[in-house]
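Report on the structure given below.
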Amino acid sequence: MTDAGSNNKRIAKNTLMLYTRQILILLVSLYTVRVVLDVLGVEDYGIYNVIGGIVMLFSFLSGTMASATQRFFSFALGKNDIETLKKIFSVNLIIYITIAITAVVFLESIGMWYVKEQLKIPAERYDAVIILFHFSIFTFIGTMLAAPFMAIIIAHEDMQIYAYVSIVEVLLKLGVVFSLMYVSFDKLVLYGILLMVVSVINLLLYIAICLKKYQECQFRKFYWDKILLHEIVGFTGWSLFGSFTSILRTQAVTILLNQVFTPVVVAARAISTQISNQVNIFSANFNVGIYPPIIKSYSANKMENMFSLIFNGAKITFFLMWVFALPLFIEMDTILQLWLKALPEGTVLFSRLALIEVLINSISMPITTAARAPGKVRTYELTLGCLQISIFFIDWIILKLGNAAYSVFIVAIIVNLVMFFIRLKIVNKLIGLPLLPFFKNVVIPVLLVIFTSTAISFAIFSILPQGIFYSGISIILSMASSSICMYYIGLNKIWREKVKEMIQEKIKEIVVEKVKMIIR
């Protein structure tokens with residue numbers, strides 16, 4: 001089997017595993033949000049997301065470091081260099097611990113001052129908010145320290161392990177939700193405490209798995225490499241800037257909305273973000289599977305194979321999200337009414353706009369991965385990071401001028417469109433990504449699928465009567481029309497054959513398994 005064929009088969013297998021994982025996580029997460037909103041109430045739910053937003057300003061640290069770890073591990077795995085893998089692990093561990101300590105010091109000093117002096121907190125919830133803030137910090141630290149071990153598993157393309165640990169984590173969070181319903185304690189504080197416990201358990205699971213499975217993960221001997229440290233810090237430094245600007249425009253805008261409006265508006269934004277994030281994860285999971293092969297292809301100087309991965313990855317990443325996003329967009333009102341008992345004002349509009357934003361971002365995921373392959377990310381991160389920061393400042397200006405809360409989503413959509421074209425231009429210079437073939441093989445098929453499937457879905461929605469039963473039919477037909485359009489319009493002949501083969505193989509596996517069960 002060729003390298004490209006082997007990659008495609010492995011990516012397809014990993015994507016199926018991650019897709020199955022995400023369906024379970026999605027169902028649990030949606031149920032969790034409903035119960036938490038009901039148990040905490042709209043105001044406390046808004047407060048939790050503001051406090052979480054302040055701590056999450058530092059989540060760019062774990063995300064960026066995980067991305068850097070994946071990049072360096074995948075690069076070394078592409079060259080089959082075990083000694084370098086051991087050095088990467090040791091150096092990364094020191095960097096992670098240093099960053100975690102720095103984050104705690106900053107959050108417990110400047111962060112605590114901001115919470116006490118600047119946030120608009122109802123007087124009766126002041127003590128609970130301070131306690132919640134402390135526990136949120138330690139939850140973040142647990143997530144931060146788990147990141148390198150998760151990145152190692154992904155770099156090795158062991159997506160089955162990654163999926164199982166993620167499922168354990170989400171089931172633990174489900175247990176947290178049930179605890180809120182039956183324990184008579186300040187529920188906002190209890191929620192923060194239990195989420196910290198889940199974070200610690202998740203960290204211990206990742207450590208135990210990596211120590212047992214991968215020889216480069218060990219604490220017996222420390223491998224130091226000053227040159228490697230400079231490379232990782234240099235790569236990470238600019239990546240940190242890019243990730244910080246991304247989290248800034250998300251979490252800082254949430255805090256900004258709290259200052260200008262009320263916790264109810266923040267709750268509406270939090271719900272819309274939760275919805276868009278859950279849908280986005282379907283495409284993000286595919287990108288998790290495609291990240292290592294892109295880096296390894298670049299490391300092995302297999303450029304044509306890498307370009308193929310980028311083209312098909314960008315298109316399929318979008319399609320995996322679109323099949324859920326379109327029916328969700330059309331039936332958003334009905335779905336939210338069924339899902340949530342209390343629906344904060346503006347949630348439907350916020351959710352639809354948030355979906356548009358993440359759809360634009362989804363097609364850029366493999367391009368971002370490709371930009372990190374050479375390790376020269378300064379221009380890329382600096383340019384896009386400045387555009388991310390501009391979103392926050394533009395939002396601040398338009399809200400000060402008296403515009404509605406939904407305008408922050410409009411700003412984000414426009415800026416992300418600009419970023420898409422700039423991102424392509426920069427990656428073209430970095431790795432020679434051919435732009436004309438990208439537009440021909442990716443952008444045009446995607447636009448055709450969008451226009452065709454949207455027209456069909458809206459026509460179905462308009463014809464059917466109103467009601468939950470008909471909304472269900474509308475969703476099913478919308479997903480079906482999207483899938484058909486993606487198969488016949490979005491995919492070329494080669495990929496249509498691959499998809500057909502995958503489906504046939506899966507059906508054969510199911511039939512064989514059923515026959516074996518009958519024989520037994």
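Numbering starts fresh at 1 for the residues of each chain in the structure tokens, the chains themselves are lettered A, B, ... in the order given, and ligands are numbered from 1 as they appear.
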List the spatial neighbours of region 463-468 of chain A as a PyMOL selection string - criterion: any atom at most 12 Å away, only C-alpha atoms, same-chain residues fewer than 6 positions off excluded.
chain A and resi 331+333-338+456-457+474-475+477
Emit the selected residues as an mmCIF file, in the first residue's frame, including C-alpha atoms.
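Output contents, as saved in selection.cif:
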data_model
loop_
_atom_site.group_PDB
_atom_site.id
_atom_site.type_symbol
_atom_site.label_atom_id
_atom_site.label_comp_id
_atom_site.auth_asym_id
_atom_site.auth_seq_id
_atom_site.Cartn_x
_atom_site.Cartn_y
_atom_site.Cartn_z
ATOM 1 C CA GLU A 331 -34.326 24.411 13.383
ATOM 2 C CA ASP A 333 -35.491 27.794 17.721
ATOM 3 C CA THR A 334 -37.267 24.437 18.116
ATOM 4 C CA ILE A 335 -34.108 22.617 19.247
ATOM 5 C CA LEU A 336 -33.284 25.185 21.916
ATOM 6 C CA GLN A 337 -36.864 25.202 23.196
ATOM 7 C CA LEU A 338 -36.752 21.408 23.566
ATOM 8 C CA ILE A 456 -33.028 22.234 -0.598
ATOM 9 C CA SER A 457 -33.173 22.341 3.216
ATOM 10 C CA SER A 474 -36.866 18.524 8.484
ATOM 11 C CA ILE A 475 -33.636 17.757 10.363
ATOM 12 C CA LEU A 477 -34.048 15.415 5.351
#
Can you pull out the residues contacting Ile271 (chain A)? Cut-off 9 Å, using only C-alpha atoms, and skip same-chain residues under 3 positions away; I want them as an mmCIF file with N, CA and C atoms, in the first residue's frame.
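And here's out-v4.cif as it stands now:
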data_model
loop_
_atom_site.group_PDB
_atom_site.id
_atom_site.type_symbol
_atom_site.label_atom_id
_atom_site.label_comp_id
_atom_site.auth_asym_id
_atom_site.auth_seq_id
_atom_site.Cartn_x
_atom_site.Cartn_y
_atom_site.Cartn_z
ATOM 1 N N VAL A 33 -25.417 20.855 29.989
ATOM 2 C CA VAL A 33 -25.702 22.288 29.957
ATOM 3 C C VAL A 33 -27.133 22.554 30.394
ATOM 4 N N VAL A 266 -24.733 37.258 29.061
ATOM 5 C CA VAL A 266 -23.555 36.388 29.117
ATOM 6 C C VAL A 266 -23.976 34.926 29.031
ATOM 7 N N ALA A 267 -25.048 34.578 29.718
ATOM 8 C CA ALA A 267 -25.558 33.201 29.673
ATOM 9 C C ALA A 267 -25.977 32.825 28.256
ATOM 10 N N ALA A 268 -26.637 33.755 27.546
ATOM 11 C CA ALA A 268 -27.045 33.503 26.160
ATOM 12 C C ALA A 268 -25.829 33.277 25.275
ATOM 13 N N GLN A 274 -21.338 27.199 23.518
ATOM 14 C CA GLN A 274 -21.364 25.768 23.806
ATOM 15 C C GLN A 274 -21.872 24.983 22.598
ATOM 16 N N ILE A 275 -22.927 25.471 21.974
ATOM 17 C CA ILE A 275 -23.492 24.798 20.796
ATOM 18 C C ILE A 275 -22.494 24.778 19.647
ATOM 19 N N SER A 276 -21.933 25.941 19.331
ATOM 20 C CA SER A 276 -20.989 26.023 18.212
ATOM 21 C C SER A 276 -19.738 25.198 18.476
ATOM 22 N N PRO A 344 -32.428 32.062 27.806
ATOM 23 C CA PRO A 344 -32.108 33.491 27.899
ATOM 24 C C PRO A 344 -32.392 34.215 26.583
ATOM 25 N N THR A 347 -30.634 34.023 22.661
ATOM 26 C CA THR A 347 -29.851 32.789 22.491
ATOM 27 C C THR A 347 -29.946 32.235 21.074
ATOM 28 N N PHE A 350 -27.847 34.469 18.696
ATOM 29 C CA PHE A 350 -26.435 34.293 19.048
ATOM 30 C C PHE A 350 -25.913 32.951 18.524
ATOM 31 N N SER A 351 -26.716 31.901 18.703
ATOM 32 C CA SER A 351 -26.285 30.550 18.326
ATOM 33 C C SER A 351 -26.110 30.423 16.814
#
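Shortest separation to Ile356 (chain A) among A:Tyr162, A:Trp322, A:Phe420, A:Phe311 occurs at residue A:Trp322, atoms counted being only C-alpha atoms.
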Write out as an MDAnalysis selection string each polymer residue whose atoms come within 9 Å of Gly78 (chain A), counting only C-alpha atoms; drop sequence neighbours fewer than 4 positions from it.
chainID A and resid 73:74 292:293 295:300
With only C-alpha atoms counted and 8 Å as the cut-off, give the residues of region 253-348 of chain A in contact with region 437-450 of chain A, each with its shortest interatomic distance in Å and the pair that gives it, as JSON lines.
{"residue": "A:Phe311", "atom": "CA", "partner": "A:Val442", "partner_atom": "CA", "distance": 6.2}
{"residue": "A:Asn312", "atom": "CA", "partner": "A:Val442", "partner_atom": "CA", "distance": 7.5}
{"residue": "A:Ala314", "atom": "CA", "partner": "A:Val442", "partner_atom": "CA", "distance": 7.0}
{"residue": "A:Lys315", "atom": "CA", "partner": "A:Val442", "partner_atom": "CA", "distance": 5.5}
{"residue": "A:Phe318", "atom": "CA", "partner": "A:Val446", "partner_atom": "CA", "distance": 7.8}
{"residue": "A:Phe319", "atom": "CA", "partner": "A:Val446", "partner_atom": "CA", "distance": 7.9}
Return the single residue from A:Ile290, A:Ile410, A:Ala480, A:Val168 that is closest to Leu24 (chain A), with distances computed using only C-alpha atoms.
A:Val168
For Leu424 (chain A), the closest of A:Ile494, A:Tyr380, A:Gly472, A:Ala146 counting only C-alpha atoms is A:Tyr380
Interatomic distance between CA of Asn305 (chain A) and CA of Arg372 (chain A)?
16.4 Å
Shell around Ile310 (chain A) at 10 Å using only C-alpha atoms, local window under 6 positions removed, as a ChimeraX atom specification
/A:287,290-291,294,304,316,363-370,433,438,442
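Ranking A:Cys217, A:Ile99, A:Met150, A:Ile167 by their shortest atom-to-atom distance to Leu85 (chain A), with only C-alpha atoms included, puts A:Cys217 first.
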Leu355 (chain A) surroundings by only C-alpha atoms, 10 Å radius, close-in-sequence under 4 positions cut, as a ChimeraX atom specification:
/A:272-273,275-277,279-280,321-322,325-326,328-329,350-351,359-361,409,413
Prev. selection, C-alpha atoms, output as a compact mmCIF listing (two decimals), in the first residue's frame:
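Once everything was written out, this is result.txt:
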# COMPACT_ATOMS: atom_id res chain seq x y z
CA SER A 272 -24.40 29.79 21.84
CA THR A 273 -20.68 29.18 22.29
CA ILE A 275 -23.49 24.80 20.80
CA SER A 276 -20.99 26.02 18.21
CA ASN A 277 -18.10 24.39 20.07
CA VAL A 279 -20.61 21.10 16.49
CA ASN A 280 -17.10 22.36 15.74
CA MET A 321 -19.35 20.07 10.51
CA TRP A 322 -21.80 21.18 7.82
CA ALA A 325 -24.63 22.77 11.32
CA LEU A 326 -27.20 23.24 8.54
CA LEU A 328 -29.21 22.97 13.51
CA PHE A 329 -29.19 26.46 11.99
CA PHE A 350 -26.43 34.29 19.05
CA SER A 351 -26.28 30.55 18.33
CA LEU A 359 -17.95 27.15 9.93
CA ILE A 360 -15.55 29.71 8.45
CA ASN A 361 -12.84 28.62 10.88
CA PHE A 409 -20.76 38.06 16.38
CA ILE A 413 -17.63 36.73 11.14
At a cut-off of 12 Å, can you tabulate as a tab-separated table every residue of region 200-249 of chain A near region 180-195 of chain A together with its closest atom pair and the distance in Å to one decimal, using only C-alpha atoms and ordering rows by chain then number?
residue	atom	partner	partner_atom	distance
A:Val200	CA	A:Leu195	CA	8.8
A:Ile201	CA	A:Leu195	CA	10.0
A:Asn202	CA	A:Leu195	CA	10.5
Quick one: residues within 8 Å of Ser453 (chain A), only C-alpha atoms, excluding same-chain residues fewer than 5 positions away - as a list in words?
Ser478, Ser481, Ser482 and Cys485 of chain A
Now that the selection is made, can you save its residues with all heavy atoms as a tab-separated table (two decimals), in the first residue's frame?
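Produced file result17.tsv, reproduced below:
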chain	number	residue	atom	x	y	z
A	478	SER	N	-32.70	17.36	5.95
A	478	SER	CA	-31.61	18.32	5.76
A	478	SER	C	-30.26	17.62	5.82
A	478	SER	O	-29.38	17.87	4.99
A	478	SER	CB	-31.69	19.41	6.83
A	478	SER	OG	-30.62	20.31	6.69
A	481	SER	N	-29.93	15.52	2.60
A	481	SER	CA	-29.63	16.33	1.40
A	481	SER	C	-28.19	16.85	1.44
A	481	SER	O	-27.51	16.89	0.42
A	481	SER	CB	-30.61	17.50	1.29
A	481	SER	OG	-30.46	18.40	2.38
A	482	SER	N	-27.73	17.23	2.64
A	482	SER	CA	-26.34	17.69	2.78
A	482	SER	C	-25.37	16.57	2.43
A	482	SER	O	-24.38	16.79	1.72
A	482	SER	CB	-26.08	18.16	4.22
A	482	SER	OG	-26.83	19.30	4.53
A	485	CYS	N	-25.37	15.94	-1.34
A	485	CYS	CA	-24.65	17.03	-2.03
A	485	CYS	C	-23.14	16.92	-1.82
A	485	CYS	O	-22.35	17.13	-2.75
A	485	CYS	CB	-25.15	18.39	-1.54
A	485	CYS	SG	-26.81	18.82	-2.05
Among region 316-468 of chain A, which ones does DSSP place in helix (DSSP H, G or I), written as a PyMOL selection string?
chain A and resi 316-330+332-339+347-362+365-372+378-400+407-431+435-463+468
